[in-house]
Structure formats: structure tokens, C-alpha cells
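Below: the structure, in C-alpha cells.
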Amino acid sequence: MGKRLATVIAAVLFAVAVPVAAFPGDVNPADALARLLTVLQPDLVRLPVYWGAVAPTETTLDYAAVDRMIETIEAHNTVKGSRHIEVVLVVGARNLVYPEVHVPDWLDTRDVYRLDTLLKTASYRRYLESTFRRYADLPILRAWQVENEPLDNARIDQLTNGALPAAMIRSEVNLLRSIDLLHEVVVTTFNSSHVTLDIRGASPLGWLYAHLPGAKPAGHPAQALTLGDTLGLDLYVVTKSTPLDVITASTRIAWKEDTLDYWHEQADSHGRALWITEMQATPWIGTSGFTTDDLIASALAYRGHGVSVYLLWGVENWLDSPEWMQVGIESIGLLRAPDRAPSS
């Protein structure tokens with residue numbers, strides 16, 4: 001474990017998540033990425049390697065689209081004065097952007113009730129192994145993310161349970177480590193709104209709290225931190241399931257701040273690093289309750305707390321909004337300089 005953990009980030013880094021599927025159909029993803037890199041100058045970019053996108057047939061693999069995004073980042077790095085950018089590659093059927101479960105069109109999902117059943121195929125194993133081998137020696141590779149929120153349920157249709165068992169995640173991580181021992185492995189999940197719920201969910205009586213009346217623990221952070229080198233927490237405060245007429249966004253942000261201290265302590269005790277892998281940086285689709293003020297408040301609240309990487313989620317939406325872009329740049333400055341007082 002020591003060799004793998006030797007690559008844990010020592011300084012706070014700002015990163016952006018750039019899921020190709022999030023860009024509108026009439027936008028060239030590589031061009032949009034280039035614009036974001038020029039304006040935001042991140043330290044890291046998280047890129048998804050979708051099984052369905054790189055496996056056009058059951059027996060063939062084509063990484064051209066992924067390579068174009070990587071080449072865009074490499075080109076940016078050659079520009080004088082640009083910040084050097086590395087990548088985090090997300091590999092797995094559980095990947096970025098709704099519907100979260102991304103499988104090839106040729107895969108027959110009829111009459112299948114569990115995602116892990118679909119993944120016990122030679123084709124999926126070939127996709128994983130080929131991807132790990134293809135990019136393990138990539139000079140700008142910073143880390144791998146194996147699956148996305150894999151322990152948390154996500155449906156690919158009305159019948160299928162998209163949660164993956166911990167044993168399957170360990171098997172995928174072991175496959176990666178048989179190929180690449182240098183780069184760290186991130187496993188992500190979301191967590192509860194309040195630290196009290198997180199503590200309950202992580203306790204030996206977590207199964208009991210899940211069946212008691214009232215608010216219940218959410219996500220699987222206690223399990224996720226045992227599966228890789230780094231625990232990635234996805235923090236959202238305003239979604240369709242968090243009505244603001246009950247609890248304000250500012251209160252939810254403060255609650256999330258408290259959970260960071262708890263999970264940093266837990267991760268540190270297990271020899272793991274803590275990342276915020278999805279920090280809400282744009283309104284949730286179909287809602288308007290998350291504002292630019294909330295983005296600044298989030299940056300002020302979340303900076304520090306033992307977090308070594310902050311990945312801002314939804315920055316591709318800033319391209320169409322000068323106001324969000326400007327506030328986003330300010331929030332990035334706050335995250336990069338935790339001791340700096342906020343600008344007036």
C-alpha cells in the first residue's frame with residue numbers, strides 16, 4: 001500500500017469534471033474543453049472512458065474520442081504560461097452523467113435485474129483491462145477512478161438494480177493494480193446531509209438506523225473508503241429531492257462542511273486521502289435553487305478540512321453564462337488559497 005499512497009496529493013488542487021455526454025449535441029467536446037482549460041486553468045481534469053462509447057461492438061474497442069480529449073489537454077500544456085494539467089480517468093459501467101449506468105447499445109439488458117449480472121462478461125473484462133493497459137503509462141495521468149458511486153443504486157431501466165457489490169469493485173481495483181501500482185485509485189460515493197446521520201450509518205448499528213423512522217443515512221462512504229486509495233465524496237445541496245422550503249441551501253452547505261471533518265478523520269485513520277469528487281457548481285437540472293452566492297458559500301465552507309482535491313461539477317454550463325463563469329473563477333481562487341480572505 002505504501003507505494004500506491006506515495007502519490008497522494010500534498011497540496012490542494014482544483015479540478016473540473018468534463019463528461020463528454022454533458023455537452024450539447026451541437027458542441028464539439030474537444031473545443032469546449034479547450035475553452036474551459038484556457039479560462040479556468042485547472043490542475044486536473046476528470047475524463048470518463050465510457051464502455052458504450054469505446055466498444056462499438058462486442059469484440060472491438062475504439063478510443064479515438066477519449067484520445068482527442070487527452071490530446072486537447074496535452075496541447076494546452078504546451079502553451080507558454082498555461083498551468084500544467086493532469087487527468088483522472090473514470091473507468092466502469094457506472095460513469096459520469098445521468099443515467100449513470102452506461103452500457104453499450106448492443107448489450108441485451110432485457111430480463112436482467114442486476115447490473116453486476118450484465119458485467120460478468122468477457123467483453124466487459126476486456127474493456128477494463130484494455131483501458132487500464134492503454135493509459136497506465138500516460139504521462140499526464142494523475143489517478144484512476146474505478147466506477148462512479150458504484151455502491152449506490154442507479155437504475156438503467158425500471159427493473160435493473162445498478163448498485164455493484166463491494167466484491168466486484170475490489171476485483172476491478174485488483175485488476176487495475178495488477179497493471180498499474182503507481183497511480184492512486186479513487187472510489188466515490190455520496191453521503192448524508194448531516195454528520196449525525198453519517199456517524200449512524202458508519203456504526204455497527206447502521207442497518208438498524210436504516211429501518212428506523214425519520215431521516216436515514218445516505219450513501220456508502222464507510223465502505224467506499226476501504227476499496228481504494230482515496231475516498232471521493234460527491235456533495236450536492238440543492239436537488240429535486242432537497243426542497244428549500246424546509247431547509248435552506250446555506251444550512252445544507254454548513255451541514256456538508258461538518259461531514260468533511262468527520263470523513264477526513266475516518267479516511268486518515270485508514271491511510272486514505274479525501275477528495276471532493278463532485279462539488280455542486282451549477283443548478284441541478286430542473287431546479288433553480290442553487291445560486292452563484294451558494295457557489296461562493298460552498299467554496300468558503302469546504303476549503304481546507306483535509307480535502308486535497310476539489311472537482312467542480314457542472315462547469316461546462318458556465319460556458320453559456322458570463323456571470324457563472326466569473327463567480328466560478330472567484331470560487332476557484334478561494335479553493336486554491338484557503339487562507340486568503342474572500343474578496344469584497
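Residue numbering restarts at 1 in every chain; chains get A, B, ... in the order shown in the C-alpha cells, and ligands count up from 1 in that same order.
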
7 Å contact set for segment 179-189 of chain A, only C-alpha atoms, chain neighbours under 6 positions out, as a PDB file with all heavy atoms, in the first residue's frame:
ATOM      1  N   LYS A   3       3.569   2.120  -1.606  1.00  0.00           N
ATOM      2  CA  LYS A   3       3.955   2.628  -2.921  1.00  0.00           C
ATOM      3  C   LYS A   3       2.800   3.378  -3.568  1.00  0.00           C
ATOM      4  O   LYS A   3       2.976   4.443  -4.155  1.00  0.00           O
ATOM      5  CB  LYS A   3       4.409   1.483  -3.816  1.00  0.00           C
ATOM      6  CG  LYS A   3       4.809   1.948  -5.228  1.00  0.00           C
ATOM      7  CD  LYS A   3       5.185   0.789  -6.116  1.00  0.00           C
ATOM      8  CE  LYS A   3       6.500   0.175  -5.683  1.00  0.00           C
ATOM      9  NZ  LYS A   3       6.962  -0.840  -6.662  1.00  0.00           N
ATOM     10  N   ARG A   4       1.597   2.841  -3.462  1.00  0.00           N
ATOM     11  CA  ARG A   4       0.444   3.494  -4.077  1.00  0.00           C
ATOM     12  C   ARG A   4       0.140   4.811  -3.393  1.00  0.00           C
ATOM     13  O   ARG A   4      -0.152   5.804  -4.023  1.00  0.00           O
ATOM     14  CB  ARG A   4      -0.768   2.563  -4.036  1.00  0.00           C
ATOM     15  CG  ARG A   4      -0.637   1.341  -4.931  1.00  0.00           C
ATOM     16  CD  ARG A   4      -1.946   0.599  -5.020  1.00  0.00           C
ATOM     17  NE  ARG A   4      -2.336   0.008  -3.766  1.00  0.00           N
ATOM     18  CZ  ARG A   4      -1.978  -1.198  -3.381  1.00  0.00           C
ATOM     19  NH1 ARG A   4      -1.188  -1.931  -4.137  1.00  0.00           N
ATOM     20  NH2 ARG A   4      -2.386  -1.684  -2.234  1.00  0.00           N
ATOM     21  N   LEU A   5       0.200   4.831  -2.056  1.00  0.00           N
ATOM     22  CA  LEU A   5      -0.160   6.032  -1.326  1.00  0.00           C
ATOM     23  C   LEU A   5       0.918   7.100  -1.426  1.00  0.00           C
ATOM     24  O   LEU A   5       0.697   8.234  -1.029  1.00  0.00           O
ATOM     25  CB  LEU A   5      -0.426   5.697   0.145  1.00  0.00           C
ATOM     26  CG  LEU A   5      -1.700   4.886   0.385  1.00  0.00           C
ATOM     27  CD1 LEU A   5      -1.899   4.663   1.863  1.00  0.00           C
ATOM     28  CD2 LEU A   5      -2.915   5.584  -0.194  1.00  0.00           C
ATOM     29  N   THR A   7       1.715   8.567  -3.901  1.00  0.00           N
ATOM     30  CA  THR A   7       1.297   9.560  -4.883  1.00  0.00           C
ATOM     31  C   THR A   7       0.148  10.427  -4.389  1.00  0.00           C
ATOM     32  O   THR A   7      -0.364  11.240  -5.135  1.00  0.00           O
ATOM     33  CB  THR A   7       0.854   8.869  -6.186  1.00  0.00           C
ATOM     34  OG1 THR A   7      -0.296   8.062  -5.930  1.00  0.00           O
ATOM     35  CG2 THR A   7       1.950   8.016  -6.761  1.00  0.00           C
ATOM     36  N   PHE A 132      -7.096   0.028 -18.830  1.00  0.00           N
ATOM     37  CA  PHE A 132      -6.024   0.166 -17.837  1.00  0.00           C
ATOM     38  C   PHE A 132      -4.648   0.092 -18.497  1.00  0.00           C
ATOM     39  O   PHE A 132      -3.754   0.884 -18.194  1.00  0.00           O
ATOM     40  CB  PHE A 132      -6.149  -0.915 -16.762  1.00  0.00           C
ATOM     41  CG  PHE A 132      -7.391  -0.820 -15.919  1.00  0.00           C
ATOM     42  CD1 PHE A 132      -7.959  -1.957 -15.359  1.00  0.00           C
ATOM     43  CD2 PHE A 132      -7.996   0.409 -15.675  1.00  0.00           C
ATOM     44  CE1 PHE A 132      -9.100  -1.870 -14.567  1.00  0.00           C
ATOM     45  CE2 PHE A 132      -9.142   0.501 -14.894  1.00  0.00           C
ATOM     46  CZ  PHE A 132      -9.696  -0.643 -14.337  1.00  0.00           C
ATOM     47  N   ARG A 133      -4.470  -0.851 -19.405  1.00  0.00           N
ATOM     48  CA  ARG A 133      -3.169  -1.022 -20.057  1.00  0.00           C
ATOM     49  C   ARG A 133      -2.868   0.137 -21.013  1.00  0.00           C
ATOM     50  O   ARG A 133      -1.716   0.583 -21.117  1.00  0.00           O
ATOM     51  CB  ARG A 133      -3.116  -2.352 -20.811  1.00  0.00           C
ATOM     52  CG  ARG A 133      -3.128  -3.581 -19.915  1.00  0.00           C
ATOM     53  CD  ARG A 133      -2.799  -4.854 -20.657  1.00  0.00           C
ATOM     54  NE  ARG A 133      -2.892  -6.013 -19.781  1.00  0.00           N
ATOM     55  CZ  ARG A 133      -1.961  -6.372 -18.894  1.00  0.00           C
ATOM     56  NH1 ARG A 133      -0.847  -5.646 -18.793  1.00  0.00           N
ATOM     57  NH2 ARG A 133      -2.131  -7.444 -18.137  1.00  0.00           N
ATOM     58  N   ALA A 136      -2.122   3.389 -18.587  1.00  0.00           N
ATOM     59  CA  ALA A 136      -1.327   3.287 -17.354  1.00  0.00           C
ATOM     60  C   ALA A 136      -0.038   4.097 -17.440  1.00  0.00           C
ATOM     61  O   ALA A 136       0.429   4.636 -16.424  1.00  0.00           O
ATOM     62  CB  ALA A 136      -1.009   1.821 -17.050  1.00  0.00           C
ATOM     63  N   ARG A 142      -2.963  11.283 -13.572  1.00  0.00           N
ATOM     64  CA  ARG A 142      -2.781  11.561 -12.145  1.00  0.00           C
ATOM     65  C   ARG A 142      -3.363  10.463 -11.269  1.00  0.00           C
ATOM     66  O   ARG A 142      -2.803  10.093 -10.244  1.00  0.00           O
ATOM     67  CB  ARG A 142      -3.450  12.898 -11.784  1.00  0.00           C
ATOM     68  CG  ARG A 142      -3.282  13.306 -10.329  1.00  0.00           C
ATOM     69  CD  ARG A 142      -1.804  13.532 -10.019  1.00  0.00           C
ATOM     70  NE  ARG A 142      -1.568  13.750  -8.602  1.00  0.00           N
ATOM     71  CZ  ARG A 142      -1.520  12.801  -7.686  1.00  0.00           C
ATOM     72  NH1 ARG A 142      -1.745  11.552  -8.027  1.00  0.00           N
ATOM     73  NH2 ARG A 142      -1.254  13.074  -6.433  1.00  0.00           N
ATOM     74  N   ALA A 143      -4.528   9.944 -11.661  1.00  0.00           N
ATOM     75  CA  ALA A 143      -5.193   8.927 -10.858  1.00  0.00           C
ATOM     76  C   ALA A 143      -6.271   8.253 -11.698  1.00  0.00           C
ATOM     77  O   ALA A 143      -6.665   8.743 -12.761  1.00  0.00           O
ATOM     78  CB  ALA A 143      -5.815   9.546  -9.601  1.00  0.00           C
ATOM     79  N   TRP A 144      -6.738   7.106 -11.193  1.00  0.00           N
ATOM     80  CA  TRP A 144      -7.877   6.393 -11.769  1.00  0.00           C
ATOM     81  C   TRP A 144      -9.073   6.528 -10.833  1.00  0.00           C
ATOM     82  O   TRP A 144      -8.909   6.540  -9.617  1.00  0.00           O
ATOM     83  CB  TRP A 144      -7.583   4.904 -11.908  1.00  0.00           C
ATOM     84  CG  TRP A 144      -6.469   4.515 -12.802  1.00  0.00           C
ATOM     85  CD1 TRP A 144      -5.163   4.278 -12.448  1.00  0.00           C
ATOM     86  CD2 TRP A 144      -6.543   4.281 -14.220  1.00  0.00           C
ATOM     87  NE1 TRP A 144      -4.424   3.911 -13.545  1.00  0.00           N
ATOM     88  CE2 TRP A 144      -5.242   3.900 -14.646  1.00  0.00           C
ATOM     89  CE3 TRP A 144      -7.575   4.343 -15.155  1.00  0.00           C
ATOM     90  CZ2 TRP A 144      -4.952   3.596 -15.970  1.00  0.00           C
ATOM     91  CZ3 TRP A 144      -7.283   4.026 -16.470  1.00  0.00           C
ATOM     92  CH2 TRP A 144      -6.000   3.661 -16.874  1.00  0.00           C
ATOM     93  N   GLN A 145     -10.252   6.591 -11.414  1.00  0.00           N
ATOM     94  CA  GLN A 145     -11.473   6.398 -10.636  1.00  0.00           C
ATOM     95  C   GLN A 145     -12.143   5.138 -11.158  1.00  0.00           C
ATOM     96  O   GLN A 145     -12.460   5.047 -12.352  1.00  0.00           O
ATOM     97  CB  GLN A 145     -12.428   7.582 -10.760  1.00  0.00           C
ATOM     98  CG  GLN A 145     -13.714   7.390  -9.955  1.00  0.00           C
ATOM     99  CD  GLN A 145     -14.691   8.521 -10.120  1.00  0.00           C
ATOM    100  OE1 GLN A 145     -14.313   9.691 -10.174  1.00  0.00           O
ATOM    101  NE2 GLN A 145     -15.973   8.193 -10.210  1.00  0.00           N
ATOM    102  N   VAL A 146     -12.356   4.153 -10.289  1.00  0.00           N
ATOM    103  CA  VAL A 146     -12.985   2.896 -10.677  1.00  0.00           C
ATOM    104  C   VAL A 146     -14.482   2.978 -10.388  1.00  0.00           C
ATOM    105  O   VAL A 146     -14.894   3.063  -9.228  1.00  0.00           O
ATOM    106  CB  VAL A 146     -12.346   1.713  -9.933  1.00  0.00           C
ATOM    107  CG1 VAL A 146     -13.095   0.419 -10.239  1.00  0.00           C
ATOM    108  CG2 VAL A 146     -10.875   1.571 -10.325  1.00  0.00           C
ATOM    109  N   ASN A 148     -18.335   4.871 -10.750  1.00  0.00           N
ATOM    110  CA  ASN A 148     -18.795   6.130 -10.176  1.00  0.00           C
ATOM    111  C   ASN A 148     -19.966   5.858  -9.244  1.00  0.00           C
ATOM    112  O   ASN A 148     -20.997   5.335  -9.687  1.00  0.00           O
ATOM    113  CB  ASN A 148     -19.225   7.112 -11.276  1.00  0.00           C
ATOM    114  CG  ASN A 148     -19.510   8.492 -10.724  1.00  0.00           C
ATOM    115  OD1 ASN A 148     -18.651   9.101 -10.088  1.00  0.00           O
ATOM    116  ND2 ASN A 148     -20.708   8.995 -10.947  1.00  0.00           N
ATOM    117  N   GLU A 149     -19.765   6.165  -7.955  1.00  0.00           N
ATOM    118  CA  GLU A 149     -20.774   5.849  -6.930  1.00  0.00           C
ATOM    119  C   GLU A 149     -21.246   4.400  -7.093  1.00  0.00           C
ATOM    120  O   GLU A 149     -22.445   4.128  -7.132  1.00  0.00           O
ATOM    121  CB  GLU A 149     -21.950   6.809  -7.011  1.00  0.00           C
ATOM    122  CG  GLU A 149     -21.575   8.265  -6.761  1.00  0.00           C
ATOM    123  CD  GLU A 149     -22.781   9.212  -6.819  1.00  0.00           C
ATOM    124  OE1 GLU A 149     -23.883   8.766  -7.213  1.00  0.00           O
ATOM    125  OE2 GLU A 149     -22.608  10.391  -6.473  1.00  0.00           O
ATOM    126  N   GLY A 219     -25.850   7.061   1.089  1.00  0.00           N
ATOM    127  CA  GLY A 219     -24.562   6.739   0.505  1.00  0.00           C
ATOM    128  C   GLY A 219     -23.842   5.626   1.243  1.00  0.00           C
ATOM    129  O   GLY A 219     -24.383   5.018   2.169  1.00  0.00           O
ATOM    130  N   HIS A 220     -22.584   5.389   0.813  1.00  0.00           N
ATOM    131  CA  HIS A 220     -21.787   4.310   1.396  1.00  0.00           C
ATOM    132  C   HIS A 220     -20.343   4.740   1.627  1.00  0.00           C
ATOM    133  O   HIS A 220     -19.407   4.044   1.225  1.00  0.00           O
ATOM    134  CB  HIS A 220     -21.810   3.082   0.463  1.00  0.00           C
ATOM    135  CG  HIS A 220     -23.171   2.490   0.283  1.00  0.00           C
ATOM    136  ND1 HIS A 220     -24.091   3.014  -0.593  1.00  0.00           N
ATOM    137  CD2 HIS A 220     -23.764   1.419   0.878  1.00  0.00           C
ATOM    138  CE1 HIS A 220     -25.201   2.282  -0.545  1.00  0.00           C
ATOM    139  NE2 HIS A 220     -25.027   1.319   0.334  1.00  0.00           N
ATOM    140  N   PRO A 221     -20.101   5.876   2.270  1.00  0.00           N
ATOM    141  CA  PRO A 221     -18.715   6.330   2.425  1.00  0.00           C
ATOM    142  C   PRO A 221     -17.847   5.407   3.271  1.00  0.00           C
ATOM    143  O   PRO A 221     -16.651   5.262   2.993  1.00  0.00           O
ATOM    144  CB  PRO A 221     -18.861   7.718   3.068  1.00  0.00           C
ATOM    145  CG  PRO A 221     -20.241   7.729   3.653  1.00  0.00           C
ATOM    146  CD  PRO A 221     -21.064   6.865   2.778  1.00  0.00           C
ATOM    147  N   ALA A 224     -16.845   2.675   0.915  1.00  0.00           N
ATOM    148  CA  ALA A 224     -16.068   3.157  -0.224  1.00  0.00           C
ATOM    149  C   ALA A 224     -14.620   3.440   0.162  1.00  0.00           C
ATOM    150  O   ALA A 224     -13.700   3.190  -0.632  1.00  0.00           O
ATOM    151  CB  ALA A 224     -16.709   4.415  -0.809  1.00  0.00           C
ATOM    152  N   LEU A 227     -12.074   0.576  -0.283  1.00  0.00           N
ATOM    153  CA  LEU A 227     -11.928  -0.087  -1.574  1.00  0.00           C
ATOM    154  C   LEU A 227     -10.791   0.456  -2.428  1.00  0.00           C
ATOM    155  O   LEU A 227     -10.330  -0.227  -3.337  1.00  0.00           O
ATOM    156  CB  LEU A 227     -13.244   0.008  -2.356  1.00  0.00           C
ATOM    157  CG  LEU A 227     -14.457  -0.658  -1.697  1.00  0.00           C
ATOM    158  CD1 LEU A 227     -15.711  -0.411  -2.530  1.00  0.00           C
ATOM    159  CD2 LEU A 227     -14.218  -2.157  -1.535  1.00  0.00           C
ATOM    160  N   GLY A 228     -10.364   1.672  -2.184  1.00  0.00           N
ATOM    161  CA  GLY A 228      -9.305   2.271  -2.985  1.00  0.00           C
ATOM    162  C   GLY A 228      -8.302   2.992  -2.107  1.00  0.00           C
ATOM    163  O   GLY A 228      -8.233   2.778  -0.896  1.00  0.00           O
ATOM    164  N   ASP A 229      -7.517   3.874  -2.733  1.00  0.00           N
ATOM    165  CA  ASP A 229      -6.544   4.679  -2.001  1.00  0.00           C
ATOM    166  C   ASP A 229      -7.146   5.986  -1.520  1.00  0.00           C
ATOM    167  O   ASP A 229      -6.620   6.605  -0.601  1.00  0.00           O
ATOM    168  CB  ASP A 229      -5.346   5.014  -2.900  1.00  0.00           C
ATOM    169  CG  ASP A 229      -4.680   3.768  -3.457  1.00  0.00           C
ATOM    170  OD1 ASP A 229      -4.462   2.827  -2.673  1.00  0.00           O
ATOM    171  OD2 ASP A 229      -4.393   3.737  -4.663  1.00  0.00           O
ATOM    172  N   THR A 230      -8.220   6.424  -2.176  1.00  0.00           N
ATOM    173  CA  THR A 230      -8.793   7.737  -1.927  1.00  0.00           C
ATOM    174  C   THR A 230     -10.312   7.639  -1.867  1.00  0.00           C
ATOM    175  O   THR A 230     -10.932   7.001  -2.719  1.00  0.00           O
ATOM    176  CB  THR A 230      -8.375   8.724  -3.039  1.00  0.00           C
ATOM    177  OG1 THR A 230      -6.964   8.869  -3.029  1.00  0.00           O
ATOM    178  CG2 THR A 230      -9.013  10.084  -2.848  1.00  0.00           C
ATOM    179  N   LEU A 231     -10.906   8.294  -0.860  1.00  0.00           N
ATOM    180  CA  LEU A 231     -12.358   8.392  -0.752  1.00  0.00           C
ATOM    181  C   LEU A 231     -12.803   9.660  -1.464  1.00  0.00           C
ATOM    182  O   LEU A 231     -12.348  10.765  -1.140  1.00  0.00           O
ATOM    183  CB  LEU A 231     -12.782   8.448   0.716  1.00  0.00           C
ATOM    184  CG  LEU A 231     -14.254   8.807   0.972  1.00  0.00           C
ATOM    185  CD1 LEU A 231     -15.191   7.756   0.396  1.00  0.00           C
ATOM    186  CD2 LEU A 231     -14.512   9.004   2.467  1.00  0.00           C
ATOM    187  N   GLY A 232     -13.688   9.503  -2.448  1.00  0.00           N
ATOM    188  CA  GLY A 232     -14.248  10.649  -3.143  1.00  0.00           C
ATOM    189  C   GLY A 232     -15.685  10.878  -2.720  1.00  0.00           C
ATOM    190  O   GLY A 232     -16.525   9.989  -2.863  1.00  0.00           O
ATOM    191  N   LEU A 233     -15.973  12.070  -2.193  1.00  0.00           N
ATOM    192  CA  LEU A 233     -17.331  12.415  -1.773  1.00  0.00           C
ATOM    193  C   LEU A 233     -17.977  13.343  -2.789  1.00  0.00           C
ATOM    194  O   LEU A 233     -17.353  14.317  -3.235  1.00  0.00           O
ATOM    195  CB  LEU A 233     -17.314  13.099  -0.404  1.00  0.00           C
ATOM    196  CG  LEU A 233     -17.038  12.243   0.820  1.00  0.00           C
ATOM    197  CD1 LEU A 233     -17.125  13.096   2.087  1.00  0.00           C
ATOM    198  CD2 LEU A 233     -18.003  11.060   0.913  1.00  0.00           C
ATOM    199  N   ASP A 234     -19.212  13.057  -3.155  1.00  0.00           N
ATOM    200  CA  ASP A 234     -19.985  13.891  -4.068  1.00  0.00           C
ATOM    201  C   ASP A 234     -20.960  14.727  -3.247  1.00  0.00           C
ATOM    202  O   ASP A 234     -21.841  14.171  -2.579  1.00  0.00           O
ATOM    203  CB  ASP A 234     -20.739  13.019  -5.075  1.00  0.00           C
ATOM    204  CG  ASP A 234     -19.784  12.212  -5.962  1.00  0.00           C
ATOM    205  OD1 ASP A 234     -18.600  12.575  -6.021  1.00  0.00           O
ATOM    206  OD2 ASP A 234     -20.235  11.235  -6.581  1.00  0.00           O
TER     207      ASP A 234
END

From a DSSP calculation on the backbone, collect every residue of segment 114-276 of chain A in helix (DSSP H, G or I) and output the set as a VMD selection string. chain A and resid 115 to 118 122 to 135 166 to 179 195 to 202 206 to 209 221 to 224 249 to 269

Which is closest to Pro283 of chain A among A:Asn153, A:Thr239, A:Thr248, A:Thr109, if we use only C-alpha atoms?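 Checking each candidate against Pro283 of chain A, we get A:Thr239 as the closest.
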
Strand (DSSP E) residues, from DSSP on the backbone, in segment 42-170 of chain A, as number ranges by chain: A: 44-50, 86-92, 141-146

List the neighbours of Ala64 of chain A out to 12 Å using only C-alpha atoms; skip same-chain residues closer than 5 positions along the sequence, and give me the result as JSON, numbers by chain. {"A": [30, 49, 50, 53, 54, 55, 56, 69, 70, 71]}

Grab the residues selected above and save them as a tab-separated table (two decimals), in the first residue's frame with N, CA and C atoms.
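Contents of out34.tsv, as written:
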chain	number	residue	atom	x	y	z
A	30	ALA	N	-14.16	18.60	-27.67
A	30	ALA	CA	-12.75	19.00	-27.57
A	30	ALA	C	-12.61	20.51	-27.59
A	49	VAL	N	-14.24	7.32	-19.42
A	49	VAL	CA	-14.00	6.39	-20.53
A	49	VAL	C	-15.21	5.47	-20.55
A	50	TYR	N	-16.21	5.84	-21.33
A	50	TYR	CA	-17.46	5.08	-21.34
A	50	TYR	C	-17.31	3.76	-22.08
A	53	ALA	N	-19.10	3.88	-25.33
A	53	ALA	CA	-18.50	4.76	-26.34
A	53	ALA	C	-17.26	4.15	-26.98
A	54	VAL	N	-16.51	3.36	-26.21
A	54	VAL	CA	-15.26	2.81	-26.76
A	54	VAL	C	-15.42	1.38	-27.26
A	55	ALA	N	-16.59	0.78	-27.04
A	55	ALA	CA	-16.83	-0.58	-27.51
A	55	ALA	C	-17.99	-0.57	-28.50
A	56	PRO	N	-17.73	-0.19	-29.76
A	56	PRO	CA	-18.81	-0.13	-30.75
A	56	PRO	C	-19.44	-1.48	-31.04
A	69	MET	N	-9.73	14.07	-26.45
A	69	MET	CA	-9.81	14.90	-25.25
A	69	MET	C	-8.44	14.98	-24.57
A	70	ILE	N	-7.75	13.85	-24.51
A	70	ILE	CA	-6.41	13.84	-23.92
A	70	ILE	C	-5.46	14.72	-24.73
A	71	GLU	N	-5.55	14.63	-26.05
A	71	GLU	CA	-4.70	15.45	-26.90
A	71	GLU	C	-5.00	16.94	-26.71

Excluding Gly206 of chain A and residues on its chain fewer than 6 positions from it, collect all residues at most 10 Å away from it, counting only C-alpha atoms, and give them as a ChimeraX atom specification. /A:197-200,216-217
